[in-house]
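Structure data (mmCIF, C-alpha atoms and all ligand atoms) from final23.cif:
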```cif
data_structure
loop_
_atom_site.label_atom_id
_atom_site.label_comp_id
_atom_site.auth_asym_id
_atom_site.auth_seq_id
_atom_site.Cartn_x
_atom_site.Cartn_y
_atom_site.Cartn_z
CA MET A 506 0.00 0.00 0.00
CA ILE A 507 1.43 3.35 -1.05
CA TYR A 508 -0.04 6.52 0.42
CA LYS A 509 0.53 10.02 -0.81
CA VAL A 510 1.69 12.03 2.17
CA PRO A 511 2.06 15.68 1.16
CA PHE A 512 4.31 17.94 3.23
CA VAL A 513 1.45 20.31 4.00
CA SER A 514 -2.28 20.20 3.50
CA ILE A 515 -3.50 23.74 3.94
CA ALA A 516 -6.93 23.57 2.34
CA LYS A 517 -7.97 20.67 4.57
CA GLN A 518 -8.29 23.02 7.52
CA TYR A 519 -10.71 25.16 5.55
CA LYS A 520 -12.75 22.19 4.37
CA LYS A 521 -13.10 20.86 7.90
CA HIS A 522 -14.57 24.15 9.15
CA SER A 523 -15.94 25.59 5.91
CA LYS A 524 -19.44 26.22 7.22
CA ALA A 525 -18.34 28.36 10.16
CA LEU A 526 -15.68 30.11 8.08
CA ASN A 527 -18.08 30.91 5.23
CA LYS A 528 -20.48 32.43 7.74
CA VAL A 529 -17.75 34.61 9.21
CA PHE A 530 -16.67 35.68 5.75
CA SER A 531 -20.17 36.64 4.73
CA GLU A 532 -20.79 38.55 7.97
CA CYS A 533 -17.65 40.58 7.51
CA ALA A 534 -18.38 41.15 3.82
CA SER A 535 -21.88 42.40 4.66
CA SER A 536 -20.65 44.68 7.43
CA GLY A 537 -18.65 46.88 5.07
CA GLN A 538 -15.98 47.31 7.76
CA TYR A 539 -12.93 46.03 5.87
CA ILE A 540 -10.06 48.02 7.34
CA LEU A 541 -9.37 48.19 11.11
CA GLY A 542 -12.40 48.19 13.42
CA ASP A 543 -13.94 45.76 15.95
CA LYS A 544 -12.86 42.47 14.38
CA VAL A 545 -9.24 43.59 14.21
CA GLU A 546 -9.31 44.61 17.87
CA GLU A 547 -11.03 41.39 18.93
CA PHE A 548 -8.47 39.25 17.12
CA GLU A 549 -5.65 41.27 18.70
CA GLU A 550 -7.12 40.75 22.18
CA ASN A 551 -7.33 37.00 21.58
CA LEU A 552 -3.76 36.81 20.32
CA ALA A 553 -2.45 38.92 23.21
CA LYS A 554 -3.99 36.40 25.61
CA ILE A 555 -2.38 33.41 23.91
CA CYS A 556 0.97 35.19 23.99
CA ALA A 557 0.52 36.40 27.60
CA SER A 558 1.33 39.90 26.40
CA LYS A 559 -0.44 43.09 27.37
CA TYR A 560 -0.73 44.33 23.80
CA CYS A 561 -0.98 42.90 20.32
CA LEU A 562 -0.91 44.74 17.02
CA THR A 563 -1.81 42.96 13.80
CA VAL A 564 0.17 43.88 10.69
CA GLY A 565 0.37 42.85 7.04
CA ASN A 566 2.77 39.91 7.46
CA GLY A 567 5.47 38.47 9.72
CA THR A 568 8.26 40.33 7.95
CA ASP A 569 6.51 43.65 8.60
CA ALA A 570 6.07 42.58 12.23
CA LEU A 571 9.87 42.25 12.41
CA ILE A 572 10.57 45.49 10.54
CA ILE A 573 8.08 47.56 12.54
CA GLY A 574 9.24 45.80 15.72
CA LEU A 575 12.87 46.72 15.00
CA LYS A 576 11.86 50.32 14.31
CA LEU A 577 10.02 50.42 17.63
CA LEU A 578 13.31 49.44 19.28
CA GLY A 579 15.03 52.31 17.49
CA VAL A 580 17.12 50.07 15.22
CA ASN A 581 18.57 52.30 12.54
CA PHE A 582 21.53 52.90 10.22
CA ASN A 583 24.88 51.64 11.58
CA ASP A 584 23.21 49.51 14.23
CA GLU A 585 23.93 45.78 14.45
CA VAL A 586 21.44 43.07 15.32
CA ILE A 587 22.62 39.61 16.39
CA LEU A 588 20.54 36.70 15.09
CA PRO A 589 20.96 32.97 14.41
CA VAL A 590 22.39 32.02 11.03
CA ASN A 591 19.86 29.21 10.64
CA SER A 592 16.55 30.93 9.93
CA PHE A 593 14.19 32.00 7.20
CA ILE A 594 15.61 34.82 5.07
CA ALA A 595 13.09 37.34 6.47
CA SER A 596 14.80 37.44 9.89
CA ALA A 597 17.89 38.99 8.30
CA GLY A 598 15.98 40.85 5.58
CA ALA A 599 14.02 42.78 8.20
CA VAL A 600 17.26 44.01 9.80
CA VAL A 601 18.57 45.17 6.43
CA ALA A 602 15.23 46.87 5.68
CA CYS A 603 15.87 49.08 8.73
CA GLY A 604 19.26 50.06 7.32
CA ALA A 605 21.01 48.01 10.01
CA LYS A 606 23.51 45.14 9.77
CA PRO A 607 22.62 41.53 10.56
CA VAL A 608 25.36 39.82 12.60
CA PHE A 609 25.00 36.07 12.44
CA CYS A 610 25.51 33.68 15.34
CA ASP A 611 25.96 29.92 15.09
CA VAL A 612 23.25 27.61 16.41
CA ASP A 613 23.37 24.58 18.71
CA LYS A 614 21.74 21.20 18.41
CA THR A 615 18.30 22.66 19.23
CA LEU A 616 18.68 24.52 15.89
CA ASN A 617 18.34 27.76 17.87
CA ILE A 618 20.90 30.47 18.60
CA ASP A 619 23.92 29.15 20.55
CA THR A 620 23.81 31.45 23.55
CA THR A 621 27.45 30.69 24.42
CA LYS A 622 28.52 32.40 21.19
CA ILE A 623 26.62 35.68 21.52
CA LEU A 624 29.06 37.61 23.74
CA ALA A 625 31.88 37.42 21.22
CA LEU A 626 29.70 39.15 18.62
CA ILE A 627 28.80 42.21 20.65
CA THR A 628 30.36 45.50 19.47
CA LYS A 629 29.73 49.15 20.28
CA ASN A 630 27.18 49.15 17.45
CA THR A 631 25.13 46.22 18.70
CA LYS A 632 21.60 47.39 19.37
CA ALA A 633 19.53 44.24 19.70
CA ILE A 634 19.45 40.46 19.83
CA MET A 635 16.87 38.64 17.74
CA PRO A 636 16.42 35.06 18.96
CA VAL A 637 14.36 32.98 16.50
CA HIS A 638 12.16 30.28 18.03
CA LEU A 639 12.86 28.05 15.07
CA THR A 640 10.62 25.06 14.27
CA GLY A 641 8.37 26.16 17.15
CA ARG A 642 11.00 25.45 19.83
CA PRO A 643 11.70 28.28 22.26
CA ALA A 644 15.22 29.69 22.35
CA ASN A 645 17.01 29.73 25.72
CA MET A 646 15.60 33.07 26.88
CA ASP A 647 17.09 33.36 30.40
CA ILE A 648 20.61 33.57 29.04
CA ILE A 649 19.63 35.94 26.25
CA ILE A 650 17.85 38.24 28.71
CA GLN A 651 20.90 38.18 31.00
CA ILE A 652 23.19 39.20 28.13
CA ALA A 653 20.77 41.92 26.98
CA ASN A 654 20.66 43.33 30.52
CA ASP A 655 24.43 43.22 30.96
CA TYR A 656 25.12 44.98 27.65
CA ASN A 657 22.08 47.23 27.49
CA LEU A 658 20.67 45.56 24.38
CA LYS A 659 17.08 45.21 23.24
CA ILE A 660 15.43 41.89 22.46
CA ILE A 661 13.07 41.25 19.56
CA GLU A 662 11.82 37.67 19.40
CA ASP A 663 11.24 36.23 15.94
CA ALA A 664 8.37 33.97 16.93
CA ALA A 665 7.02 33.55 13.39
CA GLN A 666 7.05 29.76 13.76
CA ALA A 667 6.10 29.55 17.39
CA ILE A 668 2.65 30.86 18.32
CA GLY A 669 1.81 29.13 21.59
CA ALA A 670 5.32 27.84 22.34
CA LYS A 671 6.40 28.30 25.95
CA TYR A 672 9.66 28.75 27.81
CA TYR A 673 9.34 27.51 31.41
CA GLY A 674 5.58 27.76 30.96
CA ARG A 675 5.59 31.33 29.69
CA PRO A 676 4.58 32.02 26.07
CA VAL A 677 7.23 33.21 23.63
CA GLY A 678 6.81 36.77 22.40
CA SER A 679 6.38 37.95 26.00
CA PHE A 680 10.09 38.04 26.89
CA GLY A 681 11.59 40.69 24.63
CA GLU A 682 10.54 44.31 24.28
CA VAL A 683 8.80 43.06 21.15
CA GLY A 684 7.66 39.71 19.73
CA ALA A 685 7.04 39.24 16.00
CA PHE A 686 4.71 36.58 14.64
CA SER A 687 3.52 35.40 11.24
CA LEU A 688 0.07 34.16 10.24
CA HIS A 689 1.24 32.89 6.84
CA PRO A 690 -0.46 29.67 5.66
CA LEU A 691 2.76 27.70 6.20
CA LYS A 692 2.96 28.52 9.94
CA ASN A 693 1.57 26.52 12.85
CA PHE A 694 -1.42 28.86 13.13
CA PHE A 695 -2.54 30.67 10.00
CA ILE A 696 -5.15 32.69 8.17
CA MET A 697 -6.00 32.55 4.45
CA GLY A 698 -3.30 34.83 3.19
CA ASP A 699 -0.47 36.98 4.49
CA GLY A 700 -0.67 38.30 8.01
CA GLY A 701 1.37 38.91 11.11
CA PHE A 702 1.35 40.55 14.51
CA ILE A 703 3.50 42.19 17.13
CA THR A 704 3.29 41.58 20.86
CA THR A 705 4.60 43.91 23.56
CA ASN A 706 4.04 44.74 27.21
CA SER A 707 4.85 48.39 26.65
CA HIS A 708 1.97 50.79 26.19
CA ALA A 709 4.29 53.34 24.56
CA LEU A 710 5.56 50.84 21.97
CA TYR A 711 2.01 49.69 21.28
CA GLU A 712 0.81 53.22 20.66
CA ARG A 713 3.74 54.03 18.39
CA GLY A 714 3.30 50.71 16.55
CA LYS A 715 -0.29 51.68 15.79
CA LEU A 716 1.04 54.81 14.12
CA LEU A 717 3.81 53.07 12.19
CA ARG A 718 1.46 50.52 10.63
CA ASN A 719 -0.98 53.23 9.54
CA HIS A 720 0.99 56.02 7.82
CA GLY A 721 1.84 57.71 11.11
CA LEU A 722 -1.71 59.01 11.25
CA VAL A 723 -3.08 60.07 14.64
CA ASN A 724 -6.42 60.87 13.03
CA ARG A 725 -7.83 60.89 9.53
CA ASP A 726 -5.70 63.79 8.36
CA THR A 727 -2.67 64.29 10.57
CA ALA A 728 0.54 62.26 10.40
CA ILE A 729 2.92 62.88 13.29
CA GLU A 730 5.68 60.68 11.86
CA TRP A 731 6.44 58.72 8.68
CA GLY A 732 4.75 55.35 8.67
CA VAL A 733 3.73 52.63 6.24
CA ASN A 734 0.57 50.79 5.35
CA SER A 735 0.74 47.44 7.07
CA ARG A 736 -2.69 46.66 8.46
CA LEU A 737 -4.28 43.25 8.66
CA ASP A 738 -7.64 43.09 6.86
CA ALA A 739 -10.76 42.80 9.00
CA ILE A 740 -11.81 39.77 6.97
CA HIS A 741 -8.62 37.98 7.90
CA CYS A 742 -9.06 38.93 11.52
CA SER A 743 -12.59 37.49 11.44
CA ILE A 744 -11.25 34.28 9.98
CA GLY A 745 -8.48 34.28 12.56
CA ILE A 746 -10.95 34.66 15.45
CA GLU A 747 -12.90 31.66 14.16
CA LYS A 748 -9.80 29.56 13.59
CA LEU A 749 -8.42 30.30 17.06
CA LYS A 750 -11.26 28.20 18.47
CA ASN A 751 -9.26 25.14 17.44
CA PHE A 752 -5.89 26.50 18.45
CA ASP A 753 -5.30 24.48 21.63
CA GLN A 754 -6.54 21.30 20.04
CA ASN A 755 -4.29 21.77 17.02
CA THR A 756 -1.27 22.56 19.18
CA GLU A 757 -1.91 19.36 21.14
CA ARG A 758 -2.09 17.45 17.86
CA PHE A 759 1.25 18.88 16.66
CA ARG A 760 2.79 17.70 19.93
CA GLN A 761 1.18 14.27 19.65
CA ILE A 762 2.54 13.77 16.14
CA ALA A 763 6.01 14.90 17.25
CA LEU A 764 5.91 12.41 20.11
CA LEU A 765 4.94 9.57 17.77
CA TYR A 766 7.78 10.42 15.41
CA SER A 767 10.28 10.83 18.26
CA LYS A 768 9.41 7.61 20.05
CA ASN A 769 9.49 5.51 16.90
CA LEU A 770 12.41 7.06 15.05
CA GLU A 771 14.86 7.37 17.92
CA GLY A 772 17.86 5.17 17.22
CA PHE A 773 17.41 5.49 13.46
CA VAL A 774 17.82 9.26 13.13
CA GLU A 775 18.45 12.17 15.49
CA VAL A 776 15.11 13.50 16.72
CA PRO A 777 14.40 16.76 18.55
CA GLN A 778 14.61 16.30 22.33
CA GLU A 779 12.51 18.74 24.31
CA THR A 780 14.66 20.21 27.10
CA ASP A 781 13.26 20.94 30.56
CA TYR A 782 12.49 24.56 29.67
CA GLU A 783 10.58 24.00 26.49
CA PHE A 784 7.03 23.50 25.41
CA SER A 785 7.39 23.28 21.65
CA VAL A 786 4.60 23.68 19.11
CA PHE A 787 6.57 21.71 16.48
CA HIS A 788 5.89 23.97 13.53
CA ASN A 789 8.42 21.71 11.81
CA PHE A 790 9.61 18.29 12.87
CA VAL A 791 13.27 18.17 11.89
CA ILE A 792 15.23 14.93 11.96
CA GLN A 793 18.96 14.69 11.30
CA THR A 794 20.82 11.96 9.46
CA GLU A 795 24.04 11.78 7.46
CA PHE A 796 22.08 9.85 4.80
CA ARG A 797 19.65 12.71 4.32
CA ASP A 798 19.75 13.00 0.51
CA GLU A 799 19.37 9.26 -0.01
CA LEU A 800 16.50 9.22 2.46
CA ILE A 801 14.70 12.02 0.59
CA ASN A 802 14.86 10.00 -2.64
CA TYR A 803 13.68 6.86 -0.90
CA LEU A 804 10.71 8.59 0.75
CA THR A 805 9.80 10.37 -2.50
CA LYS A 806 9.54 6.96 -4.19
CA PHE A 807 6.95 6.01 -1.59
CA GLY A 808 4.89 9.17 -2.02
CA ILE A 809 6.20 10.93 1.09
CA GLU A 810 7.05 14.59 0.64
CA THR A 811 9.74 16.16 2.85
CA LYS A 812 11.44 19.57 2.90
CA ILE A 813 14.66 21.16 4.09
CA HIS A 814 14.40 24.20 6.36
CA TYR A 815 16.49 25.85 5.09
CA PRO A 816 18.71 24.58 2.27
CA ILE A 817 20.91 27.71 2.29
CA PRO A 818 22.05 29.18 5.63
CA LEU A 819 21.69 32.95 5.81
CA HIS A 820 25.42 33.74 5.56
CA LEU A 821 25.70 31.84 2.26
CA GLN A 822 22.70 33.50 0.61
CA PRO A 823 23.73 35.48 -2.49
CA ALA A 824 21.92 38.49 -1.00
CA ALA A 825 24.26 38.36 2.03
CA LYS A 826 27.41 38.54 -0.07
CA ASN A 827 28.34 42.07 0.99
CA LEU A 828 28.34 41.01 4.66
CA GLY A 829 31.62 39.21 4.04
CA TYR A 830 30.90 35.77 5.47
CA ARG A 831 32.37 32.56 4.11
CA LYS A 832 31.64 28.88 4.07
CA GLY A 833 33.08 27.45 7.28
CA ASP A 834 32.19 30.47 9.44
CA PHE A 835 29.37 28.63 11.21
CA PRO A 836 30.42 24.98 11.55
CA VAL A 837 27.46 23.74 13.58
CA ALA A 838 24.80 25.30 11.37
CA GLU A 839 26.64 24.11 8.26
CA GLU A 840 26.83 20.54 9.52
CA ILE A 841 23.17 20.50 10.54
CA ASN A 842 22.38 22.00 7.16
CA LEU A 843 23.58 18.83 5.41
CA LYS A 844 21.75 16.49 7.80
CA GLN A 845 18.42 18.11 8.52
CA LEU A 846 15.11 17.01 7.05
CA SER A 847 11.59 18.18 7.90
CA LEU A 848 8.87 15.51 7.99
CA PRO A 849 5.18 16.15 7.30
CA ILE A 850 3.47 17.52 10.43
CA TYR A 851 0.05 19.20 10.55
CA PRO A 852 -3.10 18.65 12.58
CA GLU A 853 -4.95 17.02 9.68
CA ILE A 854 -2.39 14.29 9.03
CA GLN A 855 -3.79 10.90 10.02
CA ASP A 856 -2.16 8.41 12.36
CA LYS A 857 -1.97 5.82 9.59
CA GLU A 858 -0.03 8.32 7.47
CA ILE A 859 2.35 9.04 10.34
CA PHE A 860 2.98 5.34 10.89
CA TYR A 861 3.51 4.92 7.16
CA VAL A 862 6.21 7.61 7.22
CA ILE A 863 7.79 6.00 10.29
CA GLU A 864 7.74 2.55 8.71
CA LYS A 865 9.36 3.76 5.50
CA ILE A 866 12.13 5.57 7.36
CA LYS A 867 12.84 2.49 9.45
CA THR A 868 12.81 0.26 6.37
CA PHE A 869 15.26 2.59 4.67
CA PHE A 870 17.78 2.16 7.48
CA ILE A 871 17.18 -1.58 7.88
CA GLU A 872 17.68 -2.17 4.15
CA LYS A 873 20.74 0.02 4.28
CA SER A 874 22.42 -1.90 7.09
CA SER A 875 21.62 -5.33 5.60
CA SER A 876 22.95 -4.34 2.17
CA ARG A 877 26.11 -3.19 3.87
CA LYS A 878 26.55 -6.55 5.62
CA VAL A 879 26.19 -8.40 2.29
CA ALA A 880 28.86 -6.17 0.77
C1 LIG A 901 7.83 33.01 8.00
C2 LIG A 901 8.88 33.63 8.78
C3 LIG A 901 9.06 35.02 8.79
C4 LIG A 901 8.29 35.95 7.90
O1 LIG A 901 6.91 35.87 8.00
P1 LIG A 901 5.99 36.28 6.73
O2 LIG A 901 4.61 36.32 7.30
O3 LIG A 901 6.17 35.23 5.70
O4 LIG A 901 6.45 37.61 6.26
C5 LIG A 901 10.05 35.54 9.60
N1 LIG A 901 10.83 34.75 10.34
C6 LIG A 901 10.70 33.41 10.36
C7 LIG A 901 11.58 32.57 11.23
C8 LIG A 901 9.72 32.80 9.57
O5 LIG A 901 9.60 31.47 9.57
#
```

Could you rewrite the structure in this file as structure tokens?
Ligand SMILES: *Cc1c(COP(=O)(O)O)cnc(C)c1O
Amino acid sequence: MIYKVPFVSIAKQYKKHSKALNKVFSECASSGQYILGDKVEEFEENLAKICASKYCLTVGNGTDALIIGLKLLGVNFNDEVILPVNSFIASAGAVVACGAKPVFCDVDKTLNIDTTKILALITKNTKAIMPVHLTGRPANMDIIIQIANDYNLKIIEDAAQAIGAKYYGRPVGSFGEVGAFSLHPLKNFFIMGDGGFITTNSHALYERGKLLRNHGLVNRDTAIEWGVNSRLDAIHCSIGIEKLKNFDQNTERFRQIALLYSKNLEGFVEVPQETDYEFSVFHNFVIQTEFRDELINYLTKFGIETKIHYPIPLHLQPAAKNLGYRKGDFPVAEEINLKQLSLPIYPEIQDKEIFYVIEKIKTFFIEKSSSRKVA
């Protein structure tokens, strides 16, 4: 029996709840309130609760959440921001968009920033640290906060992949001055298009963020500073409010799937091990094996789609050429880069599909070791 196991299955979530979502869509469409308004505020209140933050501000996408977040921290020309070298391109792109310089830090086996390597990167121009809670696993915040306090640096958390993840029981996005999240359809919680939001506990940052996302306008006609247009549509907020009803259940399902993979694949490949401080939401489930490329081909033959997050580390991206990094600068990230593989993980995947993936991975390694013995 060969199943097709796609890497993601976005439309399934709509189909499962289409009746409720269609109703929400039609209500918003009929209301005529498409930009800002009640639904936007309601969605923001719900998100603030999940993130245990006082304030939430929806914006056009996760990248804008980072850019506006960095601006709120005063990041500007000549400033440096330290961030992990293993992330999605937007983490670094947002820093560059503020005119500042991304300074990359190697990662450790959690795939997150190696906190023992941050100190050496601090210069007189360092303004902020941007931990990324990659794959939905929280970065080691205590140490990052300690460093930020000692060196008078700001913290912006890139929590684009980690809505609902917790560090010692406290939600990510509530530790730094600012948290930045994405609602893109490929994240662990998503709407039907681009979207993002900022969390903060500072009333002043919240108020200024409201200006920055809306042309700097304090009222219809008066702009008190230069801003941009980065508002999240009311229709997407309505959809988001509806979809949040299944948030806890979906998060539990992500964790269940991760546990099934971990328990059954341990010994065959390296699996993520949750440390004592983490409650991960497993946006991605990343295994590591030196036979990665062979395994991809094998799984593809059996209809199982996998992905690499990310095939090119930030310092080796052509866009980063002027930053002056070279291959070999980040040995841990570069080694992980050759071994990592993301398996299908989403609430709608069925147990029989998960066990099929597990069985095929095991068979790959069993066949491999027996063919070696024959040779
Ligand atoms: C997706 C992502 C972003 C950007 O979010 P968008 O909504 O796609 O703009 C930023 N950082 C990380 C780590 C991401 O995964």

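For the pair atom CA of Thr628 of chain A and atom CA of Asp613 of chain A, the interatomic distance is 22.1 Å.
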
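Counting only C-alpha atoms and all ligand atoms and comparing A:Cys556, A:Val545, A:Val510, A:Ile668, the residue that lies closest to ligand LIG 901 (chain A) is A:Ile668.
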
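Nearest residue to His708 of chain A, choosing from A:Val683, A:Leu616, A:Val862, A:Leu737 and counting only C-alpha atoms: A:Val683.
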
**OP:** Find the residues with any atom within 10 Å of (16.0, 39.2, 5.8); use all atoms listed in the file and the coordinates as given in the file, and write the answer as number ranges by chain.
**Re:** A: 568, 571-572, 592-602, 607, 819, 824-825

Original post:
Pick from A:His522, A:Arg760, A:Lys528, A:His814: nearest to ligand LIG 901 (chain A), with all atoms listed in the file counted?
Top reply: A:His814

Original post:
From the list A:Tyr560, A:Phe807, A:Tyr539, A:Tyr711, which residue is nearest Gly678 of chain A when using only C-alpha atoms?
Top reply: A:Tyr560

Subject >> Within 6 Å of ligand LIG 901 (chain A) (all atoms listed in the file), residues as a ChimeraX atom specification >> reply: /A:566-568,592-593,595-596,637,663,665-666,687-689,699-701

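Within 12 Å of the point (27.3, 37.5, 2.1), counting all atoms listed in the file, the protein and nucleic acid residues come to A:Val590, A:Ala597, A:Lys606, A:Pro607, A:Val608, A:Phe609, A:Ile817, A:Pro818, A:Leu819, A:His820, A:Leu821, A:Gln822, A:Pro823, A:Ala824, A:Ala825, A:Lys826, A:Asn827, A:Leu828, A:Gly829, A:Tyr830, A:Arg831, A:Lys832, A:Asp834.
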
Subject >> Residue among A:Glu864, A:Asp781, A:Glu810, A:Glu546 lying closest to Ser514 of chain A, counting only C-alpha atoms >> reply: A:Glu810

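Each of A:Glu783, A:Lys517, A:Ile627, A:Gly833 was checked against Gln855 of chain A using only C-alpha atoms; the smallest atom-to-atom distance is that of A:Lys517.
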